[in-house]
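Structure file structure.cif (mmCIF, C-alpha atoms) is printed below.
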data_run
loop_
_atom_site.label_atom_id
_atom_site.label_comp_id
_atom_site.auth_asym_id
_atom_site.auth_seq_id
_atom_site.Cartn_x
_atom_site.Cartn_y
_atom_site.Cartn_z
CA MET A 1 23.09 98.04 39.09
CA GLU A 2 22.12 95.25 36.65
CA LYS A 3 25.76 94.31 36.06
CA LYS A 4 26.46 94.09 39.76
CA SER A 5 23.52 91.79 40.39
CA ARG A 6 24.71 89.40 37.64
CA ALA A 7 28.21 89.37 39.09
CA GLU A 8 26.82 88.64 42.51
CA LEU A 9 24.78 85.77 41.06
CA ALA A 10 27.86 84.32 39.38
CA THR A 11 29.83 84.57 42.63
CA TRP A 12 27.05 82.78 44.53
CA GLN A 13 26.91 79.95 41.93
CA CYS A 14 30.67 79.50 42.15
CA ARG A 15 30.66 79.31 45.92
CA ARG A 16 27.66 76.96 45.94
CA LEU A 17 29.39 74.61 43.53
CA ALA A 18 32.55 74.66 45.59
CA GLU A 19 30.60 73.71 48.71
CA MET A 20 28.79 70.77 47.00
CA GLN A 21 31.48 69.14 44.82
CA MET A 22 34.83 70.95 45.27
CA PRO A 23 35.34 71.88 48.89
CA HIS A 24 39.07 72.48 48.27
CA CYS A 25 38.41 75.01 45.49
CA HIS A 26 37.81 78.70 46.13
CA CYS A 27 35.99 81.17 44.02
CA PRO A 28 38.48 83.57 42.46
CA GLU A 29 38.62 86.89 44.08
CA GLY A 30 37.61 89.91 42.17
CA ILE A 31 34.80 88.13 40.31
CA ASP A 32 32.50 90.80 41.59
CA SER A 33 34.41 93.35 39.62
CA LEU A 34 34.30 91.38 36.34
CA PRO A 35 31.99 92.53 33.57
CA CYS A 36 28.73 90.64 33.08
CA GLY A 37 29.87 88.67 29.97
CA ALA A 38 33.24 87.79 31.49
CA ALA A 39 31.62 86.61 34.72
CA SER A 40 29.26 84.32 32.79
CA ARG A 41 32.10 82.76 30.82
CA LEU A 42 34.09 82.21 34.00
CA VAL A 43 31.16 80.45 35.64
CA LEU A 44 30.76 78.16 32.59
CA ALA A 45 34.44 77.28 32.64
CA LEU A 46 34.31 76.53 36.36
CA LEU A 47 31.27 74.28 35.79
CA LEU A 48 33.11 72.25 33.14
CA VAL A 49 36.19 71.94 35.32
CA SER A 50 34.11 70.86 38.29
CA VAL A 51 32.30 68.19 36.27
CA SER A 52 35.55 66.82 34.87
CA PHE A 53 37.13 66.81 38.32
CA ALA A 54 34.13 65.09 39.83
CA VAL A 55 34.30 62.35 37.19
CA GLY A 56 38.04 62.04 37.51
CA CYS A 57 37.98 61.94 41.29
CA GLY A 58 35.06 59.43 41.42
CA LYS A 59 35.51 55.73 42.04
CA THR A 60 35.90 53.34 39.04
CA ILE A 61 32.66 51.33 38.34
CA ALA A 62 33.20 47.81 36.96
CA ALA A 63 31.10 46.72 33.89
CA PRO A 64 28.34 44.23 34.85
CA ALA A 65 28.94 40.62 33.86
CA VAL A 66 27.01 39.38 30.76
CA PRO A 67 24.44 36.78 31.90
CA VAL A 68 24.57 33.30 30.37
CA PRO A 69 21.67 33.00 27.88
CA GLU A 70 18.92 30.59 28.79
CA VAL A 71 17.58 28.42 25.96
CA GLU A 72 15.17 25.58 25.34
CA VAL A 73 16.40 22.46 23.55
CA ALA A 74 14.93 19.39 21.88
CA SER A 75 16.46 16.04 21.02
CA VAL A 76 17.11 14.87 17.47
CA VAL A 77 14.70 11.99 16.77
CA GLN A 78 15.39 9.11 14.38
CA LYS A 79 12.51 7.04 13.00
CA ASP A 80 10.84 5.82 9.82
CA VAL A 81 8.73 8.63 8.38
CA PRO A 82 6.05 8.41 5.67
CA ILE A 83 6.53 11.23 3.17
CA PHE A 84 3.15 12.72 2.29
CA SER A 85 2.34 14.61 -0.89
CA GLU A 86 -0.76 16.46 -2.04
CA TRP A 87 -2.28 16.93 -5.47
CA VAL A 88 -5.31 18.77 -6.84
CA ALA A 89 -7.91 16.28 -8.09
CA THR A 90 -11.08 16.37 -10.18
CA LEU A 91 -13.84 13.83 -9.63
CA ASP A 92 -15.64 12.09 -12.47
CA GLY A 93 -17.98 9.15 -12.89
CA TYR A 94 -16.55 5.66 -13.06
CA VAL A 95 -18.67 5.29 -16.20
CA ASN A 96 -20.31 8.26 -17.94
CA ALA A 97 -22.97 7.19 -20.43
CA GLN A 98 -24.42 9.72 -22.85
CA ILE A 99 -28.01 8.82 -23.55
CA GLN A 100 -28.85 9.22 -27.27
CA PRO A 101 -31.76 7.78 -29.25
CA GLN A 102 -31.16 5.24 -31.99
CA VAL A 103 -34.16 6.26 -34.04
CA THR A 104 -35.66 9.52 -35.22
CA GLY A 105 -38.95 10.62 -33.75
CA TYR A 106 -40.81 12.92 -31.38
CA ILE A 107 -40.38 12.76 -27.59
CA ILE A 108 -43.79 12.08 -26.03
CA ARG A 109 -42.80 11.26 -22.44
CA GLN A 110 -39.97 11.66 -19.92
CA SER A 111 -40.04 8.70 -17.54
CA TYR A 112 -37.43 9.59 -14.90
CA LYS A 113 -36.79 12.25 -12.29
CA GLU A 114 -33.79 14.40 -13.11
CA GLY A 115 -30.90 13.98 -10.68
CA SER A 116 -32.26 10.69 -9.33
CA PHE A 117 -30.69 7.26 -9.26
CA VAL A 118 -31.72 5.07 -12.18
CA ARG A 119 -31.16 1.41 -12.91
CA LYS A 120 -29.70 -0.17 -16.01
CA GLY A 121 -32.54 -0.82 -18.48
CA GLN A 122 -34.89 1.72 -16.88
CA ILE A 123 -36.89 3.72 -19.45
CA LEU A 124 -35.88 7.40 -19.46
CA PHE A 125 -37.68 8.77 -22.56
CA GLN A 126 -40.45 7.55 -24.83
CA ILE A 127 -40.39 8.34 -28.53
CA ASP A 128 -43.68 8.17 -30.46
CA PRO A 129 -43.86 4.46 -31.41
CA ARG A 130 -46.72 4.59 -33.94
CA PRO A 131 -44.64 4.99 -37.11
CA PHE A 132 -42.38 2.15 -36.04
CA GLN A 133 -45.34 -0.06 -35.17
CA ALA A 134 -46.67 0.47 -38.68
CA VAL A 135 -43.33 -0.47 -40.21
CA LEU A 136 -43.24 -3.61 -38.09
CA GLU A 137 -46.70 -4.67 -39.26
CA GLN A 138 -45.68 -4.04 -42.86
CA ALA A 139 -42.57 -6.17 -42.37
CA ASN A 140 -44.65 -8.96 -40.87
CA ALA A 141 -46.97 -8.86 -43.87
CA GLN A 142 -44.04 -9.05 -46.23
CA LEU A 143 -42.70 -12.00 -44.28
CA ALA A 144 -46.00 -13.80 -44.53
CA GLN A 145 -46.08 -13.22 -48.28
CA THR A 146 -42.60 -14.65 -48.77
CA GLN A 147 -43.41 -17.59 -46.54
CA ALA A 148 -46.47 -18.35 -48.69
CA GLN A 149 -44.36 -18.16 -51.83
CA LEU A 150 -41.84 -20.52 -50.24
CA ALA A 151 -44.60 -22.99 -49.45
CA LYS A 152 -45.82 -22.94 -53.06
CA THR A 153 -42.36 -23.50 -54.50
CA ALA A 154 -41.80 -26.33 -52.05
CA MET A 155 -45.02 -27.97 -53.23
CA ASP A 156 -43.95 -27.57 -56.86
CA VAL A 157 -40.66 -29.31 -56.14
CA ASP A 158 -42.36 -32.16 -54.30
CA ARG A 159 -44.88 -32.66 -57.15
CA ASP A 160 -42.50 -32.43 -60.08
CA THR A 161 -39.66 -34.53 -58.67
CA PRO A 162 -41.31 -37.98 -59.28
CA LEU A 163 -42.71 -36.79 -62.62
CA ALA A 164 -39.28 -35.82 -63.79
CA LYS A 165 -37.91 -39.25 -62.81
CA GLU A 166 -40.63 -40.90 -64.93
CA ARG A 167 -39.92 -38.46 -67.72
CA ALA A 168 -43.48 -37.25 -67.54
CA ILE A 169 -42.19 -33.65 -67.47
CA ALA A 170 -39.05 -32.05 -68.69
CA GLN A 171 -36.10 -31.98 -66.33
CA SER A 172 -35.83 -28.25 -66.90
CA GLN A 173 -39.21 -27.70 -65.29
CA LEU A 174 -38.01 -29.43 -62.12
CA ASP A 175 -34.87 -27.36 -62.19
CA ASN A 176 -36.96 -24.19 -62.37
CA ASP A 177 -39.05 -25.35 -59.43
CA VAL A 178 -35.92 -25.97 -57.31
CA GLN A 179 -34.49 -22.57 -58.22
CA ALA A 180 -37.78 -20.84 -57.32
CA SER A 181 -37.83 -22.66 -53.97
CA ARG A 182 -34.33 -21.49 -53.14
CA ALA A 183 -35.22 -17.91 -54.06
CA SER A 184 -38.29 -18.11 -51.84
CA LYS A 185 -36.17 -19.29 -48.91
CA ALA A 186 -33.84 -16.30 -49.38
CA ALA A 187 -36.80 -13.95 -49.57
CA VAL A 188 -38.14 -15.36 -46.32
CA LYS A 189 -34.81 -14.75 -44.59
CA ALA A 190 -34.72 -11.17 -45.88
CA ALA A 191 -38.27 -10.59 -44.69
CA GLU A 192 -37.44 -12.06 -41.29
CA ALA A 193 -34.48 -9.63 -41.03
CA GLN A 194 -36.77 -6.72 -41.88
CA VAL A 195 -39.18 -7.83 -39.19
CA GLU A 196 -36.34 -8.06 -36.67
CA GLN A 197 -35.07 -4.59 -37.60
CA ALA A 198 -38.58 -3.15 -37.37
CA GLN A 199 -38.98 -4.79 -33.98
CA LEU A 200 -35.67 -3.30 -32.78
CA ASN A 201 -36.64 0.17 -33.98
CA LEU A 202 -39.91 -0.14 -32.14
CA GLU A 203 -38.04 -1.12 -28.97
CA PHE A 204 -35.61 1.78 -29.49
CA THR A 205 -38.51 4.18 -29.07
CA GLU A 206 -38.09 3.39 -25.36
CA VAL A 207 -34.79 5.12 -24.55
CA LYS A 208 -33.27 3.24 -21.60
CA SER A 209 -30.37 3.79 -19.21
CA LEU A 210 -27.23 1.89 -20.09
CA VAL A 211 -25.79 1.75 -16.54
CA ASP A 212 -26.79 2.12 -12.91
CA GLY A 213 -26.13 5.68 -11.83
CA ILE A 214 -27.28 9.24 -11.38
CA ALA A 215 -29.25 10.66 -14.31
CA GLY A 216 -28.58 14.22 -15.30
CA ILE A 217 -30.87 17.04 -16.38
CA ALA A 218 -32.78 16.37 -19.60
CA GLN A 219 -31.44 18.22 -22.62
CA VAL A 220 -34.71 17.98 -24.57
CA GLN A 221 -38.35 18.70 -23.91
CA ILE A 222 -41.50 16.76 -24.68
CA GLY A 223 -42.43 17.33 -28.32
CA ASN A 224 -38.87 17.79 -29.56
CA LEU A 225 -37.86 15.94 -32.70
CA VAL A 226 -34.74 13.91 -31.92
CA ASN A 227 -32.37 11.78 -33.97
CA PRO A 228 -29.37 9.52 -33.24
CA THR A 229 -27.04 12.53 -32.88
CA THR A 230 -29.16 14.19 -30.17
CA VAL A 231 -27.93 13.93 -26.57
CA LEU A 232 -30.95 13.44 -24.34
CA THR A 233 -29.16 13.28 -20.97
CA ALA A 234 -26.23 11.55 -19.26
CA VAL A 235 -26.05 8.87 -16.60
CA SER A 236 -22.94 8.55 -14.42
CA GLN A 237 -21.98 5.51 -12.41
CA ILE A 238 -20.53 7.11 -9.27
CA ASN A 239 -20.08 4.16 -6.91
CA PRO A 240 -17.15 3.91 -6.98
CA ILE A 241 -16.15 7.32 -8.32
CA LYS A 242 -12.89 8.23 -10.03
CA ALA A 243 -10.50 11.01 -9.04
CA TYR A 244 -8.08 12.36 -11.65
CA PHE A 245 -4.84 14.16 -10.78
CA SER A 246 -1.50 14.83 -12.44
CA ILE A 247 2.07 14.28 -11.28
CA SER A 248 5.22 15.71 -12.81
CA GLU A 249 7.40 13.68 -15.09
CA GLN A 250 10.10 13.61 -12.38
CA GLU A 251 7.61 12.17 -9.86
CA TYR A 252 6.51 9.56 -12.36
CA ILE A 253 10.10 8.47 -13.00
CA HIS A 254 10.63 8.16 -9.25
CA PHE A 255 7.52 5.98 -8.75
CA ALA A 256 7.35 4.30 -12.18
CA ASP A 257 8.23 0.84 -10.85
CA LYS A 258 5.43 0.91 -8.28
CA ILE A 259 2.91 2.34 -10.74
CA ASN A 260 3.66 -0.16 -13.50
CA ALA A 261 3.80 -3.15 -11.14
CA ASP A 262 0.01 -3.01 -10.73
CA ALA A 263 -0.80 -1.84 -14.26
CA GLN A 264 -2.33 -5.16 -15.31
CA LYS A 265 -4.43 -5.58 -12.17
CA GLU A 266 -8.06 -4.51 -12.25
CA ILE A 267 -7.81 -3.30 -8.64
CA PRO A 268 -4.18 -2.59 -7.59
CA SER A 269 -3.37 -3.63 -4.05
CA ASN A 270 0.17 -2.38 -3.38
CA GLY A 271 -0.42 1.35 -3.77
CA PRO A 272 -0.74 3.78 -0.85
CA PRO A 273 -4.22 4.71 0.39
CA PHE A 274 -5.45 8.13 -0.68
CA GLU A 275 -7.21 10.72 1.47
CA LEU A 276 -9.64 13.11 -0.19
CA ILE A 277 -9.76 16.63 1.27
CA LEU A 278 -12.95 18.33 0.12
CA ALA A 279 -13.47 21.97 -0.82
CA ASP A 280 -14.61 22.92 2.69
CA GLY A 281 -11.48 21.42 4.26
CA SER A 282 -13.21 18.30 5.59
CA VAL A 283 -11.70 14.87 4.95
CA TYR A 284 -13.80 12.26 3.15
CA PRO A 285 -14.22 9.34 5.57
CA TYR A 286 -13.31 6.58 3.09
CA LYS A 287 -9.87 5.90 1.64
CA GLY A 288 -9.19 5.72 -2.08
CA THR A 289 -7.14 3.28 -4.16
CA GLY A 290 -4.89 4.02 -7.12
CA LEU A 291 -6.06 2.52 -10.40
CA LEU A 292 -3.84 3.44 -13.32
CA ALA A 293 -1.58 5.93 -15.04
CA ASN A 294 -2.40 7.41 -18.42
CA ARG A 295 -0.59 6.07 -21.48
CA GLN A 296 1.43 9.23 -22.16
CA VAL A 297 2.98 12.36 -20.69
CA ASP A 298 1.24 15.59 -21.66
CA VAL A 299 3.78 17.39 -23.85
CA SER A 300 2.27 20.80 -23.03
CA THR A 301 2.52 20.46 -19.24
CA GLY A 302 5.16 17.77 -18.73
CA SER A 303 2.82 15.83 -16.43
CA ILE A 304 1.09 12.46 -16.53
CA GLN A 305 -2.46 11.80 -15.39
CA ILE A 306 -3.11 9.33 -12.56
CA VAL A 307 -6.51 7.84 -11.70
CA CYS A 308 -7.70 6.53 -8.34
CA SER A 309 -11.14 5.57 -7.07
CA PHE A 310 -13.18 6.09 -3.89
CA PRO A 311 -16.19 4.17 -2.58
CA ASN A 312 -19.32 6.30 -2.79
CA ALA A 313 -22.25 4.22 -1.60
CA GLN A 314 -24.22 7.28 -0.40
CA ASN A 315 -23.65 9.18 -3.68
CA PHE A 316 -22.07 11.97 -1.63
CA LEU A 317 -19.39 12.64 -4.20
CA ARG A 318 -20.43 13.91 -7.63
CA PRO A 319 -18.63 14.29 -10.97
CA GLY A 320 -17.00 17.69 -11.40
CA GLN A 321 -16.10 18.20 -7.74
CA PHE A 322 -12.61 19.44 -6.89
CA GLY A 323 -10.54 18.32 -3.95
CA ARG A 324 -7.02 17.60 -2.76
CA LEU A 325 -5.59 14.12 -2.61
CA ARG A 326 -3.10 13.25 0.12
CA ALA A 327 -1.00 10.10 0.19
CA ALA A 328 2.39 8.80 1.35
CA PRO A 329 3.90 7.10 -1.70
CA GLU A 330 7.20 6.44 0.11
CA VAL A 331 8.61 5.92 3.61
CA ARG A 332 11.96 7.47 4.60
CA ARG A 333 13.79 4.90 6.68
CA GLY A 334 15.79 6.13 9.70
CA ALA A 335 15.11 9.80 9.05
CA LEU A 336 16.54 12.39 11.48
CA LEU A 337 13.90 14.85 12.68
CA VAL A 338 14.22 18.21 14.45
CA PRO A 339 11.52 20.80 15.21
CA GLN A 340 11.08 23.27 12.37
CA LYS A 341 11.72 26.21 14.73
CA ALA A 342 15.20 24.79 15.45
CA VAL A 343 16.26 25.38 11.85
CA SER A 344 17.35 28.84 10.75
CA GLU A 345 17.87 29.89 7.13
CA LEU A 346 20.42 32.37 5.84
CA GLN A 347 20.67 33.03 2.11
CA GLY A 348 19.48 29.57 1.22
CA ASP A 349 21.70 27.77 3.74
CA TYR A 350 20.24 26.01 6.76
CA GLN A 351 21.79 25.62 10.19
CA VAL A 352 21.00 24.48 13.71
CA ALA A 353 22.55 25.29 17.09
CA VAL A 354 23.69 22.07 18.77
CA VAL A 355 24.30 22.14 22.53
CA GLY A 356 27.05 19.77 23.69
CA ALA A 357 27.46 17.99 27.00
CA ASP A 358 29.42 20.96 28.36
CA ASN A 359 26.57 23.33 27.44
CA LYS A 360 28.65 24.89 24.68
CA VAL A 361 26.96 25.80 21.42
CA SER A 362 28.08 24.60 18.01
CA ILE A 363 26.44 26.27 15.00
CA ARG A 364 26.20 23.49 12.44
CA ALA A 365 25.20 23.61 8.77
CA VAL A 366 22.58 21.01 7.82
CA LYS A 367 20.81 19.84 4.69
CA ALA A 368 17.05 20.29 5.03
CA GLY A 369 14.67 17.75 3.51
CA ASP A 370 10.90 17.25 3.66
CA ARG A 371 8.73 18.74 6.38
CA VAL A 372 6.66 16.31 8.40
CA GLY A 373 4.06 18.14 10.50
CA PRO A 374 5.96 20.37 12.98
CA MET A 375 9.20 18.48 12.32
CA TRP A 376 11.84 18.77 9.61
CA ILE A 377 13.99 16.02 8.15
CA VAL A 378 17.63 17.16 8.19
CA GLU A 379 21.07 15.73 7.49
CA GLY A 380 24.14 16.77 9.49
CA VAL A 381 23.08 15.89 13.04
CA LYS A 382 23.13 12.71 15.10
CA PRO A 383 20.31 10.96 16.95
CA GLY A 384 19.91 12.20 20.52
CA GLU A 385 21.81 15.48 20.04
CA GLN A 386 20.27 18.58 21.63
CA VAL A 387 19.31 21.46 19.34
CA VAL A 388 18.16 24.90 20.41
CA VAL A 389 14.47 25.58 19.72
CA GLU A 390 13.98 28.76 21.79
CA GLY A 391 16.56 31.53 22.17
CA LEU A 392 18.41 31.06 18.87
CA GLN A 393 19.00 34.81 18.60
CA LYS A 394 20.90 34.81 21.90
CA VAL A 395 23.46 32.07 21.17
CA GLN A 396 26.88 32.32 19.54
CA ASN A 397 29.14 29.66 18.13
CA GLY A 398 31.36 28.40 20.95
CA GLY A 399 29.35 30.23 23.61
CA THR A 400 27.94 28.71 26.77
CA VAL A 401 24.23 28.49 27.43
CA LYS A 402 21.96 27.47 30.25
CA ILE A 403 19.32 24.90 29.35
CA LYS A 404 15.86 25.87 30.55
CA GLN A 405 14.14 23.00 32.28
CA PRO A 406 10.69 22.23 30.88
CA GLN A 407 7.85 23.19 33.18
CA ALA A 408 5.72 20.43 34.59
CA LYS A 409 2.15 20.24 33.39
CA GLY A 410 -0.19 22.29 35.52
CA ASP A 411 2.42 24.91 36.51
#

As structure tokens - that is how I would like this structure written.
Amino acid sequence: MEKKSRAELATWQCRRLAEMQMPHCHCPEGIDSLPCGAASRLVLALLLVSVSFAVGCGKTIAAPAVPVPEVEVASVVQKDVPIFSEWVATLDGYVNAQIQPQVTGYIIRQSYKEGSFVRKGQILFQIDPRPFQAVLEQANAQLAQTQAQLAKTAMDVDRDTPLAKERAIAQSQLDNDVQASRASKAAVKAAEAQVEQAQLNLEFTEVKSLVDGIAGIAQVQIGNLVNPTTVLTAVSQINPIKAYFSISEQEYIHFADKINADAQKEIPSNGPPFELILADGSVYPYKGTGLLANRQVDVSTGSIQIVCSFPNAQNFLRPGQFGRLRAAPEVRRGALLVPQKAVSELQGDYQVAVVGADNKVSIRAVKAGDRVGPMWIVEGVKPGEQVVVEGLQKVQNGGTVKIKQPQAKGD
């Protein structure tokens, strides 16, 4: 009973298929009498034949036409372009004066506020002056004594000179008087020098600033014994302030003529202006000027140090700050520029897709130079040529493209 129901199902499937797709085909007679496995295989074979016949008898469908790719283009621009470079810079004072005492003594007073602006000649520290005052008084007393001795010898010479002419005294006595007078004069000069030195030492007890600038934190405390090797503090002149950076030996060779042309000038005038980009990314509002190049190339790094200066009237910049310097040391005349997104790179080679007047694409190898903002200096194209900037992946060499018209603003 089960076998008969399967055979009947196979017969019904065959007839149904014949009605839908093969009206000219008839189900083979006697399928009802076939065994269950044979009937199933026959149905499968008929299904495969019907599918093949349906495909073979169907109408031929033509392949759809490939649409012309739509691309955006930009014109090759020719103009003079300043070539900017950036370097890491360190700021330092225009003059950095280490404040050290010139005499030995005890610090009794600090006369400035740390981190404040001080003037040249302003007293920063006071060393105990009493020992030096005593030495000065002693030197003055010694000077007075030698001056008195000089006066006596001068009187002796004045008295004995006419007596010697009259032969009232021996000539040797006059000679001794003259010699004693000369020795007294020398003693007076020595005493005067001692007084001057004692006076200087007394003045040196007032440790003064050597330049106008910002005074640093004191390195000593009140009561410390200091001597001429002790560093008390430092004062930096920071208006203007110097910025130090290094360039490679190759860069120096390229710009050596310009650098050395202004080497003898106190303030060079032909160099490019420098921009200072601070640590937070902001740009210092005042431009800097190149000053000088160091005397030698650093053998360990192969670079040479360059110095420039920036105005710093508000003392905003401080020694030790880091920043980036940006300048355009040269201008490329008649450079050819294309958008950076128009240039594709493949294994170190660069190329652009140039669209001709007939809208046909020419894949052209170019030599890429410096990048200028969103543009790229290249060689191998002509001014005014159209290069593909959007849709590069859709174009082929020699293929035709459709140029997308730029949308008007506000669309």

The PyMOL selection byres ((chain A and resi 352) around 6) applied to the shown file, residues as number ranges by chain: A: 343, 351, 353, 363-364

Using only C-alpha atoms, which residue out of A:Ser362, A:Ser184, A:Gln396, A:Gln321 lies closest to A:Gly93?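 That would be A:Gln321, the residue with the smallest distance to A:Gly93.
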
Spell out the residues picked by the PyMOL selection byres ((chain A and resi 252) around 12) here, as a list of chain:residue names. A:Ser246, A:Ile247, A:Ser248, A:Glu249, A:Gln250, A:Glu251, A:Ile253, A:His254, A:Phe255, A:Ala256, A:Asp257, A:Lys258, A:Ile259, A:Asn260, A:Ala293, A:Asn294, A:Gln296, A:Val297, A:Gly302, A:Ser303, A:Ile304, A:Gln305, A:Ile306, A:Pro329

Coordinates-based distance that separates atom CA of A:Ser181 from atom CA of A:Val157 (Å, one decimal):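 Atom CA of A:Ser181 lies 7.5 Å from atom CA of A:Val157.
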
Which residue gives the smallest distance to A:Asp212 among A:Trp376, A:Ala148, A:Asn96, A:Thr289, with only C-alpha atoms counted?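 For A:Asp212, the nearest of the given residues is A:Asn96.
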
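Using all atoms listed in the file, the nearest neighbour of A:Ile214 within the list A:Gln386, A:Ser309, A:Ser236, A:Thr90 is A:Ser236.
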
Any chance you could work out the residue set of the PyMOL selection byres ((chain A and resi 174-180) around 7) here, as JSON, numbers by chain? {"A": [153, 156, 157, 160, 161, 164, 171, 172, 173, 181, 182, 183, 184]}

Please provide the set of residues having any atom within 12 Å of A:Leu276, restricted to only C-alpha atoms, with same-chain residues fewer than 2 positions apart removed, written as a PyMOL selection string. chain A and resi 86-91+241-245+273-274+278-289+308-311+317+321-327

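Atom CA of A:Ile403 is found 18.9 Å from atom CA of A:Gln340.
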
Counting all atoms listed in the file, which residue out of A:Glu192, A:Leu124, A:Tyr94, A:Gln147 sits closest to A:Arg318?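 So, comparing all the options, the nearest one is A:Tyr94.
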